[in-house]
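Structure file structure21.txt (compact mmCIF, C-alpha atoms) is printed below.
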# COMPACT_ATOMS: atom_id res chain seq x y z
CA MET T 1 57.64 119.77 97.12
CA ASN T 2 54.44 118.76 95.32
CA ILE T 3 53.19 115.30 96.23
CA LEU T 4 50.45 113.36 94.48
CA ILE T 5 48.80 110.66 96.60
CA SER T 6 46.45 107.96 95.38
CA ASN T 7 45.42 104.53 96.66
CA ASP T 8 43.17 101.55 96.00
CA ASP T 9 41.20 101.57 99.25
CA GLY T 10 39.27 104.64 98.13
CA ILE T 11 38.97 108.24 99.22
CA ASN T 12 37.61 107.41 102.67
CA ALA T 13 40.52 105.14 103.63
CA LEU T 14 42.16 105.99 106.93
CA GLY T 15 45.69 105.27 105.66
CA LEU T 16 45.27 107.83 102.87
CA LYS T 17 44.05 110.49 105.28
CA ILE T 18 46.82 109.98 107.86
CA LEU T 19 49.55 109.96 105.19
CA SER T 20 48.18 113.18 103.71
CA GLN T 21 47.94 114.87 107.10
CA GLU T 22 51.57 114.05 107.88
CA LEU T 23 52.99 115.09 104.51
CA ALA T 24 50.94 118.29 104.42
CA LYS T 25 52.95 119.58 107.38
CA LYS T 26 55.90 120.16 105.04
CA HIS T 27 54.67 119.78 101.46
CA ASP T 28 51.89 120.66 99.01
CA VAL T 29 49.75 117.54 98.83
CA TYR T 30 47.28 116.72 96.06
CA ILE T 31 45.04 113.67 96.33
CA ILE T 32 43.44 111.93 93.36
CA ALA T 33 41.87 108.69 94.56
CA PRO T 34 39.10 106.27 93.58
CA ASP T 35 35.65 107.24 94.81
CA ARG T 36 35.25 103.71 96.21
CA GLU T 37 37.41 100.70 97.05
CA GLN T 38 39.34 99.36 94.06
CA SER T 39 41.49 96.66 95.68
CA ALA T 40 43.04 93.96 93.46
CA LYS T 41 42.33 95.96 90.30
CA SER T 42 45.98 95.58 89.29
CA HIS T 43 46.94 97.96 86.46
CA SER T 44 43.57 97.98 84.73
CA LEU T 45 42.35 101.12 82.98
CA THR T 46 38.78 102.22 82.27
CA ILE T 47 38.17 102.26 78.51
CA HIS T 48 34.52 101.26 78.02
CA SER T 49 32.87 103.82 80.28
CA PRO T 50 33.45 107.49 81.09
CA LEU T 51 35.57 108.65 83.99
CA ARG T 52 33.87 111.17 86.22
CA VAL T 53 36.07 113.46 88.29
CA LYS T 54 34.72 115.33 91.28
CA GLU T 55 36.36 117.71 93.73
CA PHE T 56 36.28 116.41 97.28
CA ASP T 57 36.13 119.07 99.97
CA ASN T 58 37.58 117.79 103.22
CA LYS T 59 39.87 120.06 105.20
CA ASP T 60 40.80 117.20 107.57
CA PHE T 61 43.20 115.75 104.97
CA GLY T 62 45.41 118.82 104.95
CA ALA T 63 45.74 118.57 101.17
CA LYS T 64 45.75 121.54 98.82
CA LYS T 65 43.14 119.92 96.60
CA ILE T 66 41.40 116.56 96.48
CA TRP T 67 39.61 114.84 93.61
CA THR T 68 37.76 111.54 93.37
CA VAL T 69 37.65 109.47 90.19
CA THR T 70 35.15 106.80 89.18
CA GLY T 71 37.94 104.52 88.04
CA THR T 72 40.88 102.38 89.02
CA PRO T 73 44.03 103.44 90.89
CA ALA T 74 45.98 103.53 87.62
CA ASP T 75 43.22 105.69 86.12
CA CYS T 76 43.61 108.15 88.99
CA VAL T 77 47.34 108.68 88.48
CA LYS T 78 47.13 108.69 84.69
CA ILE T 79 44.29 111.21 84.37
CA GLY T 80 45.61 113.13 87.36
CA ILE T 81 49.02 113.86 85.88
CA SER T 82 47.91 114.23 82.26
CA THR T 83 44.70 116.22 82.76
CA ILE T 84 43.63 117.21 86.28
CA LEU T 85 46.74 118.77 87.76
CA GLU T 86 47.94 122.13 86.47
CA ASP T 87 51.60 122.52 85.54
CA SER T 88 52.34 124.21 88.86
CA GLN T 89 50.76 121.24 90.68
CA LYS T 90 52.62 118.44 88.88
CA PRO T 91 54.24 116.12 91.43
CA ASP T 92 57.84 115.79 92.45
CA ILE T 93 56.87 112.36 93.75
CA VAL T 94 53.88 110.01 93.49
CA LEU T 95 52.77 108.03 96.54
CA SER T 96 50.16 105.30 96.76
CA GLY T 97 48.74 104.24 100.13
CA ILE T 98 48.98 103.75 102.97
CA ASN T 99 47.27 100.50 102.04
CA HIS T 100 45.26 98.64 104.66
CA GLY T 101 47.00 95.27 104.39
CA PRO T 102 50.22 93.88 102.88
CA ASN T 103 51.38 93.92 99.28
CA LEU T 104 54.07 91.25 99.23
CA GLY T 105 55.53 88.76 96.79
CA HIS T 106 53.34 87.74 93.89
CA ASP T 107 50.49 89.84 95.27
CA VAL T 108 52.05 93.00 93.83
CA ARG T 109 50.86 91.90 90.40
CA TYR T 110 47.25 92.13 91.55
CA SER T 111 47.64 95.21 93.72
CA GLY T 112 45.93 98.45 92.80
CA THR T 113 48.12 100.19 95.36
CA VAL T 114 51.33 99.09 93.65
CA SER T 115 49.93 99.70 90.17
CA ALA T 116 49.07 103.32 90.98
CA ALA T 117 52.70 103.86 91.94
CA ILE T 118 53.96 102.00 88.86
CA GLU T 119 51.79 104.24 86.67
CA GLY T 120 53.62 107.19 88.19
CA SER T 121 56.95 105.57 87.35
CA MET T 122 55.82 104.90 83.79
CA LEU T 123 55.00 108.59 83.42
CA GLY T 124 58.50 109.52 84.58
CA TYR T 125 58.00 110.31 88.27
CA ASN T 126 59.64 108.90 91.38
CA SER T 127 56.98 106.69 92.91
CA ILE T 128 56.42 104.70 96.09
CA ALA T 129 53.74 102.21 97.09
CA VAL T 130 53.20 102.07 100.85
CA SER T 131 51.40 99.29 102.72
CA LEU T 132 50.80 98.36 106.34
CA ALA T 133 51.21 94.59 106.51
CA SER T 134 48.49 93.88 109.01
CA ILE T 135 44.81 93.11 108.63
CA ASN T 136 43.68 94.03 112.14
CA ILE T 137 44.68 97.68 112.27
CA ASP T 138 44.19 100.40 114.84
CA PRO T 139 44.13 103.98 113.47
CA ASN T 140 47.33 104.73 115.39
CA ASP T 141 49.14 102.00 113.43
CA PHE T 142 49.35 104.30 110.39
CA ILE T 143 51.16 107.07 112.27
CA TYR T 144 54.67 105.60 112.25
CA PRO T 145 54.60 104.61 108.52
CA ALA T 146 53.38 108.12 107.63
CA LYS T 147 56.21 109.75 109.62
CA PHE T 148 58.78 107.38 108.11
CA ILE T 149 57.66 108.19 104.58
CA SER T 150 57.68 111.92 105.33
CA SER T 151 61.34 111.66 106.32
CA PHE T 152 62.31 109.15 103.62
CA ILE T 153 61.03 111.07 100.58
CA ASP T 154 63.43 113.94 101.18
CA SER T 155 66.25 111.74 99.89
CA PHE T 156 64.21 109.61 97.49
CA THR T 157 63.64 112.49 95.06
CA GLN T 158 67.33 112.11 94.12
CA TYR T 159 66.73 108.46 93.17
CA GLU T 160 66.50 107.29 89.58
CA THR T 161 63.07 107.48 87.98
CA GLY T 162 61.45 104.45 86.40
CA VAL T 163 61.90 102.25 89.45
CA THR T 164 59.03 101.97 91.93
CA LEU T 165 59.69 101.30 95.59
CA ASN T 166 57.27 98.90 97.22
CA ILE T 167 57.45 99.53 100.97
CA ASN T 168 55.69 97.31 103.51
CA PHE T 169 55.60 98.13 107.21
CA PRO T 170 55.06 95.56 109.94
CA LYS T 171 52.58 96.62 112.58
CA GLY T 172 54.42 98.62 115.23
CA ASN T 173 56.44 101.77 115.81
CA GLU T 174 60.05 102.95 116.15
CA GLU T 175 60.38 101.05 119.42
CA THR T 176 59.10 97.68 118.22
CA ILE T 177 60.21 97.53 114.58
CA LYS T 178 63.64 95.93 114.41
CA ASP T 179 65.22 97.16 111.19
CA ILE T 180 64.90 98.16 107.54
CA ALA T 181 65.87 95.80 104.71
CA ILE T 182 66.18 96.03 100.93
CA THR T 183 64.42 92.88 99.81
CA LYS T 184 63.39 90.75 96.86
CA LEU T 185 59.81 89.88 96.09
CA ALA T 186 58.95 86.55 97.65
CA LYS T 187 57.66 83.67 95.60
CA ARG T 188 54.58 83.85 97.70
CA ILE T 189 52.60 80.68 97.10
CA PHE T 190 48.87 80.54 97.73
CA THR T 191 46.72 77.48 97.36
CA SER T 192 44.39 77.96 94.41
CA GLU T 193 41.16 77.10 96.12
CA TYR T 194 37.64 78.32 95.38
CA GLU T 195 34.89 77.52 97.81
CA LYS T 196 31.67 76.38 96.16
CA ARG T 197 28.54 77.85 97.71
CA VAL T 198 24.84 78.12 97.01
CA ASP T 199 22.91 81.41 97.17
CA PRO T 200 19.38 81.77 98.63
CA GLN T 201 17.91 81.13 95.18
CA GLY T 202 19.70 77.80 94.93
CA ARG T 203 22.26 78.97 92.38
CA GLU T 204 25.88 77.90 92.69
CA TYR T 205 28.69 80.44 92.99
CA TYR T 206 32.37 80.41 93.92
CA TRP T 207 34.43 82.42 96.40
CA LEU T 208 38.22 82.67 96.27
CA ALA T 209 39.43 80.97 99.44
CA GLY T 210 43.12 80.19 98.90
CA VAL T 211 45.46 80.40 101.88
CA LEU T 212 49.17 81.14 102.10
CA ALA T 213 51.07 77.91 101.64
CA GLY T 214 54.57 79.28 102.17
CA ASP T 215 57.55 81.11 100.77
CA LEU T 216 59.87 78.81 98.84
CA GLN T 217 62.96 81.06 99.00
CA ASN T 218 65.77 81.09 101.53
CA GLU T 219 66.86 84.67 100.79
CA LEU T 220 65.64 87.74 102.64
CA THR T 221 62.40 88.47 100.84
CA ASP T 222 59.74 91.06 101.57
CA LEU T 223 57.58 88.39 103.19
CA GLU T 224 60.42 87.16 105.38
CA ALA T 225 61.23 90.71 106.46
CA ILE T 226 57.67 91.37 107.59
CA ARG T 227 57.58 88.07 109.46
CA ASN T 228 60.66 89.27 111.37
CA ASN T 229 59.23 92.71 112.16
CA ILE T 230 61.44 94.47 109.62
CA ILE T 231 60.42 97.21 107.19
CA SER T 232 60.68 95.86 103.65
CA ILE T 233 61.72 98.07 100.72
CA THR T 234 61.65 96.35 97.33
CA PRO T 235 62.60 98.16 94.11
CA ILE T 236 60.41 96.93 91.26
CA TYR T 237 60.48 97.76 87.56
CA TYR T 238 57.61 97.85 85.09
CA ASP T 239 59.78 96.63 82.19
CA MET T 240 59.06 92.89 82.25
CA THR T 241 61.60 92.05 79.54
CA SER T 242 63.69 89.05 80.54
CA MET T 243 67.12 90.38 79.58
CA GLU T 244 68.77 87.07 80.45
CA SER T 245 66.61 85.29 77.87
CA ILE T 246 67.32 87.57 74.92
CA GLN T 247 70.69 86.03 74.02
CA LYS T 248 69.44 82.49 74.65
CA LEU T 249 66.52 83.04 72.30
CA SER T 250 68.79 84.65 69.73
CA ASN T 251 71.05 81.56 69.78
CA ILE T 252 68.04 79.26 69.36
CA LEU T 253 66.74 81.25 66.40
CA GLN T 254 70.18 81.33 64.73
CA LYS T 255 70.41 77.55 64.96
CA GLN T 256 66.86 77.24 63.67
CA ALA T 257 67.67 79.47 60.70
CA ILE T 258 70.77 77.42 59.86
CA ALA T 259 68.77 74.22 60.03
Now that the file is in, can you turn its structure into C-alpha cells?
Amino acid sequence: MNILISNDDGINALGLKILSQELAKKHDVYIIAPDREQSAKSHSLTIHSPLRVKEFDNKDFGAKKIWTVTGTPADCVKIGISTILEDSQKPDIVLSGINHGPNLGHDVRYSGTVSAAIEGSMLGYNSIAVSLASINIDPNDFIYPAKFISSFIDSFTQYETGVTLNINFPKGNEETIKDIAITKLAKRIFTSEYEKRVDPQGREYYWLAGVLAGDLQNELTDLEAIRNNIISITPIYYDMTSMESIQKLSNILQKQAIA
C-alpha cells in the first residue's frame, strides 16, 4: 500500500527514519515532513508566508520519495495530499511520528504530531499518530513501535475513516510491555506556571515551567496505561460538536422563546 508519513520533530528525527525504514520493507512510503522541528504547533496552518517544498534525497529512509516543507505538520499533510503527491502516490493511510516523547491527555490539543494525523482524517484518510512516551530515548527504543505499526496497519485500513488513532508506546519491547489497551484521553492536569527570568541585557522574559500535577480520572486512560507499561490506543475525532448539549440547548432556547 501507499503510506504517507509526516511528523512534528522534523525531517532529521530518528523516529521518522526508523518508522520509514520498517514500513518500506513491505510498502511504498512517501515522506512529507517539516524541514525543522515544529513541536506544539497544534493544527496551525501557514497563511501569511509562502510554503517552500524541497525534495530530500536520503536513501537511508527507504522511502520512494521525500519532501521537506517550510511549514507546520498540518501544512505538510494538507499540501502533500492536495498538491505534492501524484494520484498514483496518494496514501492508503497517513502516519505521523514516531514522536520523540508522549502525546497524552490534554496534550493532544497542542501536538503537531497528532494534528498531522487529524489533518489526514479530515481529508478522508485512515490516520494514526504514533508516539514513544519517553524523554530519554535510545535509538533502539523506536524499533518495537515501528514493527508494531507495520503489523497493525494491515488491519487498520479496514477501519472507518474520520477517526484518528492516537497510539502511545511505553519504553520497552515485546518482552517488557505488558499489554495493549483501548483508552480514553486523560484529564491530564499541569500546573500553569511560568518562570520569570532576566536575560543578559537585563530584560525580563518568561519560560513555561508547569509540571504534571496528576490525572483526576479513575478510568483506564492513556496516561494510566503508559504508567502501567501498556500500549495506549485512543480513537479521537476532529468533530468537536457536543452532541449531548444540542438537545439541552434546544430546550433552553424554546423556553426562552416562549418567555
- If you measure from CA of Ile226 (chain T) to CA of Ala181 (chain T), what distance in Å do you get, rounded to one decimal?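 CA of Ala181 (chain T) lies at a distance of 9.8 Å from CA of Ile226 (chain T).
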- Message: Excluding Val130 (chain T) and its own-chain neighbours fewer than 5 positions away, which residues fall within 9 Å of it when counting all atoms listed in the file? Please give them as a list in words.
- Response: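 These residues fall inside the cut-off: Leu95, Ser96, Gly97, Ile98, Asn99, Pro102, Asn103, Thr113, Val114, Pro145, Ile149, Leu165, Asn166, Ile167, Asn168 and Phe169 of chain T.
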Using C-alpha atoms, can you export the residues from the last selection as a PDB file, in the frame of the given file?
ATOM      1  CA  LEU T  95      52.770 108.030  96.540  1.00  0.00           C
ATOM      2  CA  SER T  96      50.160 105.300  96.760  1.00  0.00           C
ATOM      3  CA  GLY T  97      48.740 104.240 100.130  1.00  0.00           C
ATOM      4  CA  ILE T  98      48.980 103.750 102.970  1.00  0.00           C
ATOM      5  CA  ASN T  99      47.270 100.500 102.040  1.00  0.00           C
ATOM      6  CA  PRO T 102      50.220  93.880 102.880  1.00  0.00           C
ATOM      7  CA  ASN T 103      51.380  93.920  99.280  1.00  0.00           C
ATOM      8  CA  THR T 113      48.120 100.190  95.360  1.00  0.00           C
ATOM      9  CA  VAL T 114      51.330  99.090  93.650  1.00  0.00           C
ATOM     10  CA  PRO T 145      54.600 104.610 108.520  1.00  0.00           C
ATOM     11  CA  ILE T 149      57.660 108.190 104.580  1.00  0.00           C
ATOM     12  CA  LEU T 165      59.690 101.300  95.590  1.00  0.00           C
ATOM     13  CA  ASN T 166      57.270  98.900  97.220  1.00  0.00           C
ATOM     14  CA  ILE T 167      57.450  99.530 100.970  1.00  0.00           C
ATOM     15  CA  ASN T 168      55.690  97.310 103.510  1.00  0.00           C
ATOM     16  CA  PHE T 169      55.600  98.130 107.210  1.00  0.00           C
TER      17      PHE T 169
END
- So how many Å separate CA of Ser39 (chain T) and CA of Asp8 (chain T), to one decimal? 5.2 Å
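For Gly124 (chain T), the residues within 9 Å (counting only C-alpha atoms, excluding itself and residues fewer than 4 positions away along the chain) are Glu119, Gly120, Thr161 and Gly162 of chain T.
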Using only C-alpha atoms, please write the residues we just selected to a file, as a PDB file, in the frame of the given file.
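Final file, out_34.pdb:
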ATOM      1  CA  GLU T 119      51.790 104.240  86.670  1.00  0.00           C
ATOM      2  CA  GLY T 120      53.620 107.190  88.190  1.00  0.00           C
ATOM      3  CA  THR T 161      63.070 107.480  87.980  1.00  0.00           C
ATOM      4  CA  GLY T 162      61.450 104.450  86.400  1.00  0.00           C
TER       5      GLY T 162
END
- Query: Which distance in Å separates CA of Ser127 (chain T) and CA of Asp87 (chain T), to one decimal?
  - Reply: 18.3 Å
- Find, counting only C-alpha atoms, the residue in T:Ser44, T:Asn140, T:Thr234, T:Ser20 that gets nearest to Gly172 (chain T).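 For Gly172 (chain T), the nearest of the given residues is T:Asn140.
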- Query: Using only C-alpha atoms, which of T:Thr241, T:Ser150, T:Ser82, T:Gln38 sits nearest Tyr110 (chain T)?
  - Reply: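 Among the listed residues, T:Gln38 lies closest to Tyr110 (chain T).
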- Message: Here is a test: counting all atoms listed in the file, which residue of T:Tyr144, T:Asn126, T:Leu132, T:Asn58 is nearest to Phe156 (chain T)?
- Response: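 Of T:Tyr144, T:Asn126, T:Leu132, T:Asn58, the one nearest Phe156 (chain T), counting all atoms listed in the file, is T:Asn126.
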- Task: Tell me which of T:Arg52, T:Lys65, T:Val163, T:Ile180 sits closest to Val94 (chain T), counting all atoms listed in the file.
- Result: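 Ranking T:Arg52, T:Lys65, T:Val163, T:Ile180 by distance to Val94 (chain T), first place goes to T:Val163.
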- Contacts of Lys25 (chain T) at 12 Å (all atoms listed in the file; same-chain gap of 6+ positions) as a PyMOL selection string: chain T and resi 1+3+18-19+61-64+146-147+150-151
Residue subset to file, keeping C-alpha atoms, as a short mmCIF file (atom, residue, chain, number, x, y, z; two decimals), in the coordinates of the input:
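Everything below was put into selection-v4.cif:
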data_model
loop_
_atom_site.label_atom_id
_atom_site.label_comp_id
_atom_site.auth_asym_id
_atom_site.auth_seq_id
_atom_site.Cartn_x
_atom_site.Cartn_y
_atom_site.Cartn_z
CA MET T 1 57.64 119.77 97.12
CA ILE T 3 53.19 115.30 96.23
CA ILE T 18 46.82 109.98 107.86
CA LEU T 19 49.55 109.96 105.19
CA PHE T 61 43.20 115.75 104.97
CA GLY T 62 45.41 118.82 104.95
CA ALA T 63 45.74 118.57 101.17
CA LYS T 64 45.75 121.54 98.82
CA ALA T 146 53.38 108.12 107.63
CA LYS T 147 56.21 109.75 109.62
CA SER T 150 57.68 111.92 105.33
CA SER T 151 61.34 111.66 106.32
#
- Smallest atom-to-atom distance to Gly105 (chain T): which of T:Val53, T:Leu223, T:Ile93, T:Ala117, using all atoms listed in the file?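 Using all atoms listed in the file, Gly105 (chain T) sits closest to T:Leu223.
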- Task: Excluding Asn12 (chain T) and residues on its chain fewer than 4 positions from it, collect all residues at most 10 Å away from it, counting only C-alpha atoms, and give them as a list in words.
- Result: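 Non-adjacent residues within range: Leu16, Lys17, Ala33, Pro34, Asp35, Arg36 and Glu37 of chain T.
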- Note on the structure: Counting only C-alpha atoms, closest pick from T:Ile11, T:Leu45, T:Ala40, T:Ala129 relative to Lys78 (chain T) is T:Leu45
- Query: Do you know which residues are at most 7 Å from His100 (chain T) counting only C-alpha atoms, after dropping those on the same chain fewer than 4 positions away, and could you put them as a PyMOL selection string?
  - Reply: chain T and resi 15+131-132+135
